[in-house]
Amino acid sequence: MALIRVIIDRYAQRLELVQYILDPPGTNPEAIVDRARKVQIQLRVMLTPYILHSAVPLSAESGDHEWAVPIYKLCATTHTAPIRADSPSMTPSESLILRAVQETSREICRVATNMWVSGVLAGLDPQLNRKESPDFGEVNDLMDGWKYEVSRLMGWLDWSVWVKCKPACGPEEMCYLPTWPVGFPPPKWDPEGLRPGSHNSTSETWSGLYADFRTGAIESMAALVEEGRAVKPEPDEWMRPQPKCIRRVEPYEF
């Protein structure tokens with residue numbers, strides 16, 4: 001659906017860049033303040049189409065965020081408001097997709113707006129309430145909060161565009177998402193028990209399936225260790241495989 005692609009295209013790279021700027025640890029006050037200003041600029045870029053000239057903080061000391069509510073509302077509804085008028089004529093599946101996009105837009109805009117407002121009140125914004133020497137302790141705490149919020153948001157969104165090799169693969173490599181390897185045992189199902197997809201299966205059936213996969217992986221790896229063979233990947237990677245670079249030119253290796 002084009003609307004979903006619009007949301008992903010608009011925010012995926014920007015959120016990833018903010019996370020990248022926030023990621024490096026450090027204790028140098030000047031470097032931390034500099035990184036915080038860079039994050040604030042990226043947040044402003046993200047919200048630029050929705051920032052109103054009338055939306056300004058009444059007092060930097062008050063910590064009040066009410067002045068930014070119009071910015072949040074505009075950000076959260078810009079892409080879906082015109083479509084919402086046609087909701088009575090939508091099919092159930094179309095209504096479901098629209099609600100999902102609305103909820104996603106609201107959460108992205110809530111986090112982005114709160115982060116930007118916090119930076120404005122801390123004196124990091126280049127256009128609103130700028131301070132030449134913001135309080136380092138406040139900025140350091142702000143950076144920790146930003147890092148948590150961005151990581152939580154990206155984990156909640158869990159977009160496939162973020163599943164890629166970091167750093168990028170070289171010319172002789174390709175990015176590979178590990179799959180269940182040849183030779184590993186299948187899940188151990190009880191012949192008399194439930195199987196996923198049967199008419200009376202439940203979510204617990206699926207949980208049992210994943211537990212079987214994990215058990216099979218660990219048992220197989222233990223057997224490989226006894227034989228003195230390499231063990232790749234780690235057991236937890238079967239629950240959530242991580243992409244990695246593999247060679248596409250000899251010598252090949254996984």
# chains A, B, ... in the order shown; residues from 1 in each chain; ligands from 1
>>> residues_around(residues="A:His79", least_positions_apart="2", cutoff="10 Å", atoms="only C-alpha atoms", output="PyMOL selection string")
chain A and resi 3-4+6-7+74-77+81-84+101-102+105
>>> write_last_selection(atoms="N, CA and C atoms", output="PDB file, in the first residue's frame")
ATOM      1  N   LEU A   3       0.454   4.263   1.054  1.00  0.00           N
ATOM      2  CA  LEU A   3       0.500   5.046   2.286  1.00  0.00           C
ATOM      3  C   LEU A   3       1.525   4.481   3.266  1.00  0.00           C
ATOM      4  N   ILE A   4       1.578   3.168   3.369  1.00  0.00           N
ATOM      5  CA  ILE A   4       2.564   2.540   4.253  1.00  0.00           C
ATOM      6  C   ILE A   4       3.971   2.860   3.780  1.00  0.00           C
ATOM      7  N   VAL A   6       4.924   5.458   2.133  1.00  0.00           N
ATOM      8  CA  VAL A   6       5.204   6.872   2.409  1.00  0.00           C
ATOM      9  C   VAL A   6       5.718   7.044   3.837  1.00  0.00           C
ATOM     10  N   ILE A   7       5.057   6.398   4.792  1.00  0.00           N
ATOM     11  CA  ILE A   7       5.466   6.520   6.195  1.00  0.00           C
ATOM     12  C   ILE A   7       6.867   5.948   6.396  1.00  0.00           C
ATOM     13  N   LEU A  74      -0.587  17.888  13.832  1.00  0.00           N
ATOM     14  CA  LEU A  74      -0.381  18.037  12.390  1.00  0.00           C
ATOM     15  C   LEU A  74       0.496  16.909  11.853  1.00  0.00           C
ATOM     16  N   CYS A  75       1.529  16.573  12.601  1.00  0.00           N
ATOM     17  CA  CYS A  75       2.424  15.485  12.200  1.00  0.00           C
ATOM     18  C   CYS A  75       1.678  14.154  12.153  1.00  0.00           C
ATOM     19  N   ALA A  76       0.842  13.918  13.152  1.00  0.00           N
ATOM     20  CA  ALA A  76       0.183  12.617  13.288  1.00  0.00           C
ATOM     21  C   ALA A  76      -0.960  12.406  12.306  1.00  0.00           C
ATOM     22  N   THR A  77      -1.509  13.482  11.750  1.00  0.00           N
ATOM     23  CA  THR A  77      -2.712  13.343  10.920  1.00  0.00           C
ATOM     24  C   THR A  77      -2.521  13.753   9.466  1.00  0.00           C
ATOM     25  N   ALA A  81      -5.512  12.110   7.398  1.00  0.00           N
ATOM     26  CA  ALA A  81      -6.750  12.886   7.518  1.00  0.00           C
ATOM     27  C   ALA A  81      -7.581  12.887   6.236  1.00  0.00           C
ATOM     28  N   PRO A  82      -6.983  13.080   5.047  1.00  0.00           N
ATOM     29  CA  PRO A  82      -7.811  13.072   3.829  1.00  0.00           C
ATOM     30  C   PRO A  82      -8.469  11.720   3.559  1.00  0.00           C
ATOM     31  N   ILE A  83      -7.805  10.645   3.971  1.00  0.00           N
ATOM     32  CA  ILE A  83      -8.343   9.306   3.715  1.00  0.00           C
ATOM     33  C   ILE A  83      -9.449   8.966   4.703  1.00  0.00           C
ATOM     34  N   ARG A  84      -9.352   9.519   5.903  1.00  0.00           N
ATOM     35  CA  ARG A  84     -10.319   9.180   6.947  1.00  0.00           C
ATOM     36  C   ARG A  84     -11.741   9.550   6.545  1.00  0.00           C
ATOM     37  N   VAL A 101      -1.932   2.458  10.294  1.00  0.00           N
ATOM     38  CA  VAL A 101      -1.105   3.595   9.878  1.00  0.00           C
ATOM     39  C   VAL A 101      -1.322   4.780  10.815  1.00  0.00           C
ATOM     40  N   GLN A 102      -2.560   4.998  11.235  1.00  0.00           N
ATOM     41  CA  GLN A 102      -2.846   6.095  12.160  1.00  0.00           C
ATOM     42  C   GLN A 102      -2.120   5.898  13.488  1.00  0.00           C
ATOM     43  N   SER A 105       1.643   6.391  12.946  1.00  0.00           N
ATOM     44  CA  SER A 105       1.976   7.810  12.776  1.00  0.00           C
ATOM     45  C   SER A 105       1.915   8.549  14.107  1.00  0.00           C
TER      46      SER A 105
END
>>> atom_distance(atom1="atom CA of A:Trp146", atom2="atom CA of A:Ala55")
21.9 Å
>>> atom_distance(atom1="atom CA of A:Met90", atom2="atom CA of A:Ile8")
22.6 Å
>>> atom_distance(atom1="atom CA of A:Ser89", atom2="atom CA of A:Glu103")
20.2 Å
>>> residues_around(residues="stretch 126-143 of chain A", least_positions_apart="5", cutoff="12 Å", atoms="only C-alpha atoms", output="tab-separated table (two decimals) with C-alpha atoms, in the first residue's frame")
chain	number	residue	atom	x	y	z
A	18	VAL	CA	19.32	9.76	14.89
A	19	GLN	CA	20.12	6.40	16.45
A	21	ILE	CA	24.37	9.92	16.19
A	22	LEU	CA	23.19	8.91	19.66
A	23	ASP	CA	25.03	5.60	19.73
A	24	PRO	CA	28.72	6.44	20.39
A	25	PRO	CA	29.44	6.53	24.14
A	26	GLY	CA	31.54	9.35	25.50
A	27	THR	CA	32.31	11.49	28.52
A	28	ASN	CA	33.69	14.62	26.89
A	29	PRO	CA	31.19	17.42	27.65
A	30	GLU	CA	31.84	19.36	24.45
A	31	ALA	CA	31.47	16.25	22.28
A	32	ILE	CA	28.23	15.23	23.99
A	33	VAL	CA	26.72	18.70	23.61
A	34	ASP	CA	27.80	18.76	19.97
A	35	ARG	CA	26.13	15.40	19.31
A	36	ALA	CA	23.01	16.58	21.12
A	37	ARG	CA	22.82	19.64	18.86
A	38	LYS	CA	23.18	17.40	15.80
A	39	VAL	CA	20.33	15.19	17.02
A	40	GLN	CA	18.20	18.26	17.64
A	41	ILE	CA	18.79	19.42	14.07
A	42	GLN	CA	17.71	16.02	12.73
A	43	LEU	CA	14.57	16.14	14.87
A	44	ARG	CA	13.80	19.60	13.53
A	45	VAL	CA	14.30	18.35	9.97
A	48	THR	CA	9.87	20.82	9.70
A	51	ILE	CA	6.35	23.24	12.87
A	53	HIS	CA	5.37	29.82	13.60
A	54	SER	CA	2.83	30.29	16.38
A	55	ALA	CA	4.16	27.29	18.33
A	56	VAL	CA	6.77	28.69	20.69
A	57	PRO	CA	7.52	27.87	24.34
A	58	LEU	CA	6.03	30.37	26.77
A	59	SER	CA	8.83	29.76	29.23
A	60	ALA	CA	11.87	27.52	28.94
A	61	GLU	CA	11.90	27.03	32.71
A	114	ASN	CA	8.63	15.03	22.69
A	115	MET	CA	12.31	14.63	21.87
A	116	TRP	CA	12.38	17.86	19.86
A	117	VAL	CA	10.54	19.83	22.56
A	118	SER	CA	12.95	18.53	25.22
A	119	GLY	CA	15.84	19.74	23.09
A	120	VAL	CA	14.21	23.15	22.65
A	121	LEU	CA	13.74	23.55	26.40
A	148	TYR	CA	16.11	4.89	25.08
A	149	GLU	CA	13.14	6.44	23.26
A	150	VAL	CA	14.61	5.93	19.78
>>> select_by_dssp(residues="stretch 2-39 of chain A", states="helix (DSSP H, G or I)", output="PyMOL selection string")
chain A and resi 2-22+29-39
>>> closest_residue(among="A:Ala12, A:Val249, A:Leu47, A:Ala68", to="A:Pro171", atoms="only C-alpha atoms")
A:Val249
